[in-house]
Amino acid sequence: MSDTRIIKKYPNRRLYDTGRSSYIRLEDIHQLVCAQTPFRVLDQRSGADITQAILMQTLALLEERQPQLLGLDSLLTLIREHGTASAADIAERIRQSLAGR
């Protein structure tokens, strides 16, 4: 049995932690990340792995409450460059920056 927690996202936008048999919120996803608990978020209908999208929503929630990680200019650049040839370069610079912490 895997130690990875499975979270299911239902069409009503609710997240269900199958390991704990209870609904959770994005704040709970934040706590899982902080605790370094391995998890995956699956779309209940299709079974698709939507973990990355839920993590982006979690980051957006955190930034909404207390902006500190990304400024407006950085967000605009990320959106503008998404899908372009330079996107890989930007992603690599971000990874290197975070790895150097």
# chains A, B, ... in the order shown; residues from 1 in each chain; ligands from 1
>>> residues_around(residues="range 5-16 of chain A", least_positions_apart="5", cutoff="12 Å", atoms="only C-alpha atoms", output="MDAnalysis selection string")
chainID A and resid 21:29 32:33 36:51 53:54 57
>>> write_last_selection(atoms="C-alpha atoms", output="mmCIF file, in the first residue's frame")
data_model
loop_
_atom_site.group_PDB
_atom_site.id
_atom_site.type_symbol
_atom_site.label_atom_id
_atom_site.label_comp_id
_atom_site.auth_asym_id
_atom_site.auth_seq_id
_atom_site.Cartn_x
_atom_site.Cartn_y
_atom_site.Cartn_z
ATOM 1 C CA SER A 21 -12.722 9.993 4.817
ATOM 2 C CA SER A 22 -13.504 13.683 5.073
ATOM 3 C CA TYR A 23 -13.799 16.788 2.968
ATOM 4 C CA ILE A 24 -10.871 19.187 3.053
ATOM 5 C CA ARG A 25 -10.145 22.743 1.900
ATOM 6 C CA LEU A 26 -7.234 24.414 0.151
ATOM 7 C CA GLU A 27 -5.936 25.401 3.584
ATOM 8 C CA ASP A 28 -5.645 21.684 4.346
ATOM 9 C CA ILE A 29 -3.720 21.163 1.094
ATOM 10 C CA LEU A 32 -0.135 18.720 3.652
ATOM 11 C CA VAL A 33 2.525 20.524 1.634
ATOM 12 C CA GLN A 36 5.720 17.169 3.314
ATOM 13 C CA THR A 37 2.927 14.618 3.125
ATOM 14 C CA PRO A 38 2.879 12.972 -0.305
ATOM 15 C CA PHE A 39 -0.498 13.328 -1.985
ATOM 16 C CA ARG A 40 -2.183 13.397 -5.361
ATOM 17 C CA VAL A 41 -5.401 15.084 -6.342
ATOM 18 C CA LEU A 42 -7.525 13.181 -8.828
ATOM 19 C CA ASP A 43 -10.581 14.363 -10.705
ATOM 20 C CA GLN A 44 -13.369 12.120 -9.477
ATOM 21 C CA ARG A 45 -15.063 11.838 -12.884
ATOM 22 C CA SER A 46 -12.115 11.328 -15.218
ATOM 23 C CA GLY A 47 -9.446 10.068 -12.834
ATOM 24 C CA ALA A 48 -7.034 12.669 -14.236
ATOM 25 C CA ASP A 49 -4.230 13.843 -11.974
ATOM 26 C CA ILE A 50 -4.998 17.511 -11.241
ATOM 27 C CA THR A 51 -2.501 17.961 -8.408
ATOM 28 C CA ALA A 53 -3.848 22.774 -10.757
ATOM 29 C CA ILE A 54 -4.880 22.399 -7.096
ATOM 30 C CA GLN A 57 -5.134 27.334 -6.564
#
>>> select_by_dssp(residues="range 4-101 of chain A", states="helix (DSSP H, G or I)", output="ChimeraX atom specification")
/A:26-34,51-65,72-81,87-99
>>> atom_distance(atom1="CA of Leu98 in chain A", atom2="CA of Thr77 in chain A")
17.8 Å
>>> atom_distance(atom1="CA of Thr58 in chain A", atom2="CA of Leu78 in chain A")
17.2 Å
>>> closest_residue(among="A:Ser97, A:Leu69, A:Cys34, A:Asp17", to="Thr4 in chain A", atoms="only C-alpha atoms")
A:Asp17
